[in-house]
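Trainee: Please read through the structure below; I'll follow up with questions.
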Amino acid sequence: MTMNKIMGKLRRKNKDQYTLLGICMFLSVLLVTSFTLMYFSPTVQELLPQGGDTRKLSWLMMGVTFLGCTVFTFYGANLFFRHKSREIGVLLALGEQKRKLGKCLAWEVGIVVIRYAAGGIVLAVPVSYLIWKGFEALIITSAGMKYRIGMAGLAVGIVFALFLILCIFLLGMRFIRRVNIIDILNEQRKTEMVREVKPWTGKVGIALILIGLVLAMAVPAVCMRVFLFVMPSFWNITYGISAVGLYLFMLSAVGRTSRGKNPEKYYKNIVSANLMRFTARQTTKNMCVITLLVFVFLLSAFWGAMYYRSAYAGGEGAPYDYSMHYPSREEQITRDDIFELAQKYQVDIEDYEEAEAVVLLVDYKKRDLTDGGKYVDLNSRKLVSFVSASDFSRIAGRKTEVKTGEYKTIVPSGYHPSIWVKPDCLLTVENRELSYKGTEEFDNLTETSDPFTFILSDEDYQSFAGAAAGPDRENLVFFRVKNVYDTYDFARELKREYIAHAGELSDHFALYDAYEEERALEQGTEYFYSGEAGLSEDNPDLMEDWKYAPFFKVLVKADAMQMVAVFVLLSVYIAVISLAAVGVMTYVRSVTIAMDNRQLFSDLGRLGADRTYIERVIRRQLRRIFTYPTAAGSVIVLVFSMLLIYFNDMHLDAAELRLFVMELGLILGVGVFMYVMYRVSLRRMERIVL
C-alpha cells in the first residue's frame, strides 16, 4: 500500500479534522473577500470622502478584519496539526522519511485549503450582494447606491487567500521538521501547567486593563486641551498595558486554585479546577482571543450605531427646513420662483423669511497646530458674516438683546467649545473693539461663515453696513414646509435651480476668504482655496466644498444617510465576522477539551463518579470558557466607549448616554448568543465523554 493511500484512509477516518481546517479557511476567505468587495466597490469609494475620518475608520476596520480572520485560521490550523501529530509520529517511528511524509501532508492539506479558499472567493460575490441589498433599508434614497463589484476587492481577497495558504504550509513545514519523535507522539497529551497563580493576579490584571485604557485615551486628550501639545504616536503602546492586564486576568480565571477560607468547596470541585490548569497557557491565550473578538464585535456595532445616530440626527436641530445664503448682487432664484416650484411639487411652504447679512473684516483669536505637535494661539484676520439683532429675533422667533458695542455668537444646538476657536474669539470688527455677550443657538446660520456668524446691535449693524459695498452683503432665505421628509423631489429641483442661478460671485470653495486671497497675492504666495468650486449638480463634493451651499434638511439627511449607511454596513459586517469567529472558536475549544480529556472522564467513571458529577465538571469547564471572555470583553468595551466619547469633547450629553443604553442591549444580545453556543457545546461535549 502506497503512502498516498495510507494518508487517504487516515483522511477519511479523521475527516472532521480536515473539515474544521477547511471551514476556518472558507469562512476567513469568504468574510474578507465579501468585505473588500463592498469596501472597494465604486459606490462606496465615491461616497467616502478622501482623507475623512470615516475612511480612516473603514481602513482600521479592514485591518481588524484581516487580523481577526488570520488569527481565526491560525487557530484552526494549529488544532489540525496538533491532532495530526499522532499519525505523523507513528509513521516516523515506523521508519518513514520526513521528506516523503512532508510531501504527502502538503498534498493533503493543499487539496483541502485550496478547495475551501476557492469556494470562499466564489461565494463572496453573492454574499456581498445579499448583504448590500439587506442594508438598503437604511438609505432614504437608493439613487447612486447601486451594488457594483470592486475588482480591487476581489484581487485583495485572492491575495489574502494565497497569504493564508502560504501561512498554513509554513506551519506544516515547521510541524514536520520536528526532530524529537517522542514529543510529537505526546503532543495531544502534553500539558501546559503554570505555577501557582498568586491571589493578587486577577486584581492586578483588572487594574492594568483600566490603567492602560486611561493612559492611552485620557492622557492624549488632557495633553491636547490642557497642556496644548500632541502626544507622539508611540504613546499608543500604552494599550499594551491593557493587553498584559487581560492576560493576567484570564490566567487567574484559568489557573487560580486555592483552598482559601472554604476548603470544602475547593475539594468538591478539585477535578474541575485543576483540569483546566493542565492546559492553562493554551486556554488563557484562547480566552484572550475570544475576549478581543467580543470587544471588536461590540465596538464595531457601537461605532455603527454612533454614526447612524449622527446621520439620523443631522440637521434635526435646525429651526427651518430650508435655508440659503448668497451674495446680494447675484441674480439668484426669487421668492416667487420658490413658491411656483413648491406649487408644482405640491409642497406647502410655511413661515417664509428673508434677511440680510453684512460681511466685515475682523481680527480674532484662534489656535493652530505646529509641525512639532504643539498648539499655539494666533491672531488672524478674515471676513465673516454679521446679522442684526432685530433680524435674528425675527427669523429665530425669540427676542435677543444686543446693545451698542456688544456682539453675540451663533452656535449649533448643543454646542460645546472646541480647542480651535472659542465663541468669544473676536478682537476687533473693522478695527473697532466689541464686548462678547454670549451665544445664541441657531443651526441654519452656523455654516454661513467661518469660524462663526455673529449678531450685532441694530445701531452697530447700520453703522457697519452703511460703509460696506455691495459684494460685502449676503441675502438669507429661510422657510419651513409641511412633511419635510416627503419633499425630496422638490428639494432636488430647488437645488438644481439654485446651482443654475449661481455665478462667479459665489463659485468659491467652502473656506475661501477674499481678504486672505488678496493678502496672499500681495505677498506673492499661493492661496490654497483659490479657484472654482465646480458649480454642477453632477459634482458629488459640491455640497461639502461650496462656500454658499444651501441647507435642505431632507437632502442633508439623505446624503448623510447614504455615506453613513455604508459605514454602518461595514461596521455591522465586522461585528458579524467577529461574532462568527467567537462562536466557532468557543465551540471548537469545547470539543477539544472533551476529546483531550475523554480518557480522564472515563477513569472518573470507573472510580465511582456518577453522571451528575461528570456533568457538573463539564459545565464548570464550559462556564469559564464562555463567561469570563464575554464579561471581560463587555466591560472593556463599555469603559473604552465611555472614554472615547467623553474625551472627544470632554462632555457627555443625553444623546450620547442613550448610546450606552443601546450598547447594554448589544451586550445582552452577545450574552444570549454565548448562552446558545454554551448549550450547543455542552450537548456535543456530553455526547463525546458520556
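We name chains A, B, ... following the order of the C-alpha cells; residues begin at 1 in each chain, and ligands are numbered from 1 as shown.
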Check range 283-473 of chain A with DSSP on the backbone and list each residue it calls helix (DSSP H, G or I), as number ranges by chain.
Mentor: A: 283-312, 335-344, 389-396, 443-445, 458-466, 470-472
Trainee: Leaving out range 295-310 of chain A and any residue of its chain fewer than 5 positions from it, which residues lie within 6 Å of it when counting only C-alpha atoms, given as an MDAnalysis selection string?
Mentor: chainID A and resid 568 571:572 575 578 633 637
Trainee: Please produce a file of the residues just selected, as a JSON list (two decimals), in the first residue's frame, where the atoms kept are N, CA and C atoms.
Mentor:
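So the final result, stored in selection30.json, reads:
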[["chain", "number", "residue", "atom", "x", "y", "z"],
["A", 568, "VAL", "N", -22.03, 52.11, 8.41],
["A", 568, "VAL", "CA", -22.79, 51.20, 9.27],
["A", 568, "VAL", "C", -22.74, 49.78, 8.72],
["A", 571, "SER", "N", -19.40, 48.40, 9.53],
["A", 571, "SER", "CA", -19.28, 48.15, 10.97],
["A", 571, "SER", "C", -20.01, 46.88, 11.37],
["A", 572, "VAL", "N", -21.25, 46.77, 10.91],
["A", 572, "VAL", "CA", -22.04, 45.59, 11.27],
["A", 572, "VAL", "C", -21.42, 44.34, 10.67],
["A", 575, "ALA", "N", -18.79, 43.22, 12.83],
["A", 575, "ALA", "CA", -19.41, 42.61, 14.01],
["A", 575, "ALA", "C", -19.83, 41.17, 13.71],
["A", 578, "SER", "N", -16.73, 38.96, 13.63],
["A", 578, "SER", "CA", -16.23, 38.71, 14.98],
["A", 578, "SER", "C", -17.11, 37.71, 15.72],
["A", 633, "GLY", "N", -14.77, 41.17, 27.77],
["A", 633, "GLY", "CA", -14.92, 41.95, 26.55],
["A", 633, "GLY", "C", -15.99, 43.01, 26.67],
["A", 637, "VAL", "N", -15.23, 47.08, 26.61],
["A", 637, "VAL", "CA", -15.79, 47.93, 25.55],
["A", 637, "VAL", "C", -16.64, 49.05, 26.14]]
Trainee: Using only C-alpha atoms, find each residue in range 544-593 of chain A having at least one atom no more than 12 Å away from range 512-517 of chain A; report its shortest atom-to-atom pair and that distance in Å (one decimal), rows by chain then rising number, as a tab-separated table.
Mentor:
residue	atom	partner	partner_atom	distance
A:Asp545	CA	A:Tyr512	CA	9.8
A:Trp546	CA	A:Tyr512	CA	9.0
A:Lys547	CA	A:Tyr512	CA	7.0
A:Tyr548	CA	A:Tyr512	CA	10.4
Trainee: Could you write out the selected residues, including N, CA, C and O atoms, as a PDB file, in the first residue's frame?
Mentor:
ATOM      1  N   ASP A 545     -18.017  71.231  -0.265  1.00  0.00           N
ATOM      2  CA  ASP A 545     -16.892  72.134  -0.532  1.00  0.00           C
ATOM      3  C   ASP A 545     -17.306  73.514  -1.023  1.00  0.00           C
ATOM      4  O   ASP A 545     -16.460  74.323  -1.388  1.00  0.00           O
ATOM      5  N   TRP A 546     -18.603  73.814  -1.076  1.00  0.00           N
ATOM      6  CA  TRP A 546     -19.075  75.076  -1.638  1.00  0.00           C
ATOM      7  C   TRP A 546     -19.354  76.082  -0.523  1.00  0.00           C
ATOM      8  O   TRP A 546     -20.052  75.781   0.443  1.00  0.00           O
ATOM      9  N   LYS A 547     -18.835  77.285  -0.689  1.00  0.00           N
ATOM     10  CA  LYS A 547     -18.997  78.337   0.321  1.00  0.00           C
ATOM     11  C   LYS A 547     -20.468  78.697   0.523  1.00  0.00           C
ATOM     12  O   LYS A 547     -20.898  79.015   1.645  1.00  0.00           O
ATOM     13  N   TYR A 548     -21.260  78.651  -0.532  1.00  0.00           N
ATOM     14  CA  TYR A 548     -22.664  79.058  -0.448  1.00  0.00           C
ATOM     15  C   TYR A 548     -23.615  77.869  -0.614  1.00  0.00           C
ATOM     16  O   TYR A 548     -24.715  78.026  -1.163  1.00  0.00           O
TER      17      TYR A 548
END
Trainee: Which residues come within 12 Å of Gly172 in chain A, counting only C-alpha atoms, excluding same-chain residues fewer than 2 positions away, as a PyMOL selection string?
Mentor: chain A and resi 74+77-82+84-85+88+98+101-110+165-170+174-178
Trainee: Next, dump the selected residues to file, keeping only C-alpha atoms, as a PDB file, in the first residue's frame.
Mentor:
ATOM      1  CA  PHE A  74      -4.133  30.050  12.520  1.00  0.00           C
ATOM      2  CA  ALA A  77      -4.519  25.163  11.514  1.00  0.00           C
ATOM      3  CA  ASN A  78      -2.751  24.688  14.850  1.00  0.00           C
ATOM      4  CA  LEU A  79      -5.591  22.467  16.062  1.00  0.00           C
ATOM      5  CA  PHE A  80      -5.376  20.445  12.845  1.00  0.00           C
ATOM      6  CA  PHE A  81      -1.629  19.849  13.136  1.00  0.00           C
ATOM      7  CA  ARG A  82      -1.976  19.106  16.836  1.00  0.00           C
ATOM      8  CA  LYS A  84      -2.365  15.161  13.174  1.00  0.00           C
ATOM      9  CA  SER A  85       0.729  14.779  15.343  1.00  0.00           C
ATOM     10  CA  ILE A  88       2.742  11.534  11.733  1.00  0.00           C
ATOM     11  CA  LYS A  98      10.229  13.072   6.883  1.00  0.00           C
ATOM     12  CA  LEU A 101       5.678  12.495   4.845  1.00  0.00           C
ATOM     13  CA  GLY A 102       6.038  16.224   4.316  1.00  0.00           C
ATOM     14  CA  LYS A 103       5.137  15.934   0.632  1.00  0.00           C
ATOM     15  CA  CYS A 104       2.130  13.737   1.411  1.00  0.00           C
ATOM     16  CA  LEU A 105       0.954  16.089   4.168  1.00  0.00           C
ATOM     17  CA  ALA A 106       1.429  19.106   1.891  1.00  0.00           C
ATOM     18  CA  TRP A 107      -0.656  17.402  -0.796  1.00  0.00           C
ATOM     19  CA  GLU A 108      -3.394  16.501   1.709  1.00  0.00           C
ATOM     20  CA  VAL A 109      -3.532  19.964   3.231  1.00  0.00           C
ATOM     21  CA  GLY A 110      -3.222  21.674  -0.142  1.00  0.00           C
ATOM     22  CA  ILE A 165      -2.445  29.145   2.196  1.00  0.00           C
ATOM     23  CA  LEU A 166       1.228  30.125   2.438  1.00  0.00           C
ATOM     24  CA  CYS A 167       0.980  30.533   6.220  1.00  0.00           C
ATOM     25  CA  ILE A 168      -0.660  27.122   6.607  1.00  0.00           C
ATOM     26  CA  PHE A 169       2.089  25.499   4.518  1.00  0.00           C
ATOM     27  CA  LEU A 170       4.738  27.231   6.648  1.00  0.00           C
ATOM     28  CA  ARG A 174       7.552  23.779  10.979  1.00  0.00           C
ATOM     29  CA  PHE A 175       5.471  20.917  12.275  1.00  0.00           C
ATOM     30  CA  ILE A 176       7.050  18.223  10.085  1.00  0.00           C
ATOM     31  CA  ARG A 177      10.618  19.372  10.764  1.00  0.00           C
ATOM     32  CA  ARG A 178      10.449  18.480  14.443  1.00  0.00           C
TER      33      ARG A 178
END
Trainee: Give the answer as one residue: which of A:Phe647, A:Tyr129, A:Phe528, A:Tyr488 has the shortest atom-to-atom distance to Lys553 in chain A, using only C-alpha atoms?
Mentor: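 The answer is A:Tyr488, which sits nearest to Lys553 in chain A.
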Trainee: Considering only C-alpha atoms, return as a ChimeraX atom specification whatever protein or nucleic-acid residues lie within 9 Å of Gly531 in chain A, sequence-local ones (same chain, fewer than 3 positions apart) excluded.
Mentor: /A:507-509,528,534
Trainee: With N, CA, C and O atoms retained, write the just-selected residues as a PDB file, in the first residue's frame.
Mentor:
ATOM      1  N   ASP A 507     -18.959  81.216  -6.766  1.00  0.00           N
ATOM      2  CA  ASP A 507     -18.250  79.986  -7.146  1.00  0.00           C
ATOM      3  C   ASP A 507     -16.917  79.906  -6.398  1.00  0.00           C
ATOM      4  O   ASP A 507     -15.840  80.113  -6.976  1.00  0.00           O
ATOM      5  N   HIS A 508     -17.002  79.605  -5.095  1.00  0.00           N
ATOM      6  CA  HIS A 508     -15.808  79.531  -4.249  1.00  0.00           C
ATOM      7  C   HIS A 508     -15.873  78.303  -3.347  1.00  0.00           C
ATOM      8  O   HIS A 508     -16.958  77.810  -3.026  1.00  0.00           O
ATOM      9  N   PHE A 509     -14.681  77.864  -2.943  1.00  0.00           N
ATOM     10  CA  PHE A 509     -14.613  76.754  -2.001  1.00  0.00           C
ATOM     11  C   PHE A 509     -15.094  77.200  -0.620  1.00  0.00           C
ATOM     12  O   PHE A 509     -15.147  78.396  -0.313  1.00  0.00           O
ATOM     13  N   PHE A 528      -4.392  78.651  -1.031  1.00  0.00           N
ATOM     14  CA  PHE A 528      -4.818  77.259  -1.207  1.00  0.00           C
ATOM     15  C   PHE A 528      -6.268  77.148  -1.674  1.00  0.00           C
ATOM     16  O   PHE A 528      -6.625  76.237  -2.411  1.00  0.00           O
ATOM     17  N   GLY A 534     -16.707  74.415  -8.762  1.00  0.00           N
ATOM     18  CA  GLY A 534     -17.297  73.486  -9.716  1.00  0.00           C
ATOM     19  C   GLY A 534     -18.800  73.408  -9.564  1.00  0.00           C
ATOM     20  O   GLY A 534     -19.322  72.426  -9.020  1.00  0.00           O
TER      21      GLY A 534
END
Trainee: Got a sec to tell me which of range 298-490 of chain A DSSP assigns to strand (DSSP E), as a VMD selection string?
Mentor: chain A and resid 322 to 327 349 to 369 375 to 388 406 to 411 426 to 429 435 to 441 453 to 456 473 to 481
Trainee: Mind pulling up the distance from CA of Tyr587 in chain A to CA of Gly608 in chain A?
Mentor: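 These atoms are spaced 28.8 Å apart.
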Trainee: Please provide as a list in words all residues within 9 Å of Leu162 in chain A, with the sequence filter that same-chain residues fewer than 5 positions apart are discarded (counting only C-alpha atoms).
Mentor: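 Using only C-alpha atoms, the neighbours found are Ile114, Ala117, Gly157 and Cys167 of chain A.
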Trainee: Got time to write the residues from that selection, N, CA and C atoms, as a PDB file, in the first residue's frame?
Mentor:
ATOM      1  N   ILE A 114      -7.031  24.806  -0.621  1.00  0.00           N
ATOM      2  CA  ILE A 114      -7.265  25.445  -1.924  1.00  0.00           C
ATOM      3  C   ILE A 114      -8.727  25.307  -2.332  1.00  0.00           C
ATOM      4  N   ALA A 117     -10.762  27.602  -0.022  1.00  0.00           N
ATOM      5  CA  ALA A 117     -10.463  29.005  -0.328  1.00  0.00           C
ATOM      6  C   ALA A 117     -11.157  29.426  -1.621  1.00  0.00           C
ATOM      7  N   GLY A 157      -9.034  39.904  -1.954  1.00  0.00           N
ATOM      8  CA  GLY A 157      -9.489  38.629  -1.407  1.00  0.00           C
ATOM      9  C   GLY A 157      -8.638  37.470  -1.879  1.00  0.00           C
ATOM     10  N   CYS A 167       0.765  30.635   4.774  1.00  0.00           N
ATOM     11  CA  CYS A 167       0.980  30.533   6.220  1.00  0.00           C
ATOM     12  C   CYS A 167       0.709  29.111   6.711  1.00  0.00           C
TER      13      CYS A 167
END
Trainee: When you look at Val477 in chain A with a cut-off of 7 Å (counting only C-alpha atoms), what residues show up, excluding the ones that are within fewer than 3 positions of it in the same chain? I need them as an NGL selection string.
Mentor: :A and (323-325 or 353-355)
Trainee: Can you work out which one of A:Leu341, A:Ile149, A:Leu30, A:Leu378 has the shortest atom-to-atom distance to Gly119 in chain A, counting only C-alpha atoms?
Mentor: A:Leu30
Trainee: Give me, please, the distance in Å between CA of Val402 in chain A and CA of Ser457 in chain A, quoted to one decimal.
Mentor: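 So the answer is 5.0 Å.
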Trainee: Mind checking which residues fall within 7 Å of range 347-352 of chain A, counting only C-alpha atoms, ignoring those fewer than 3 positions away in the same chain, and posting them as a list in words?
Mentor: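 Non-adjacent residues within range: Ala342, Gln343, Phe478, Phe479, Arg480, Val481, Lys482 and Thr487 of chain A.
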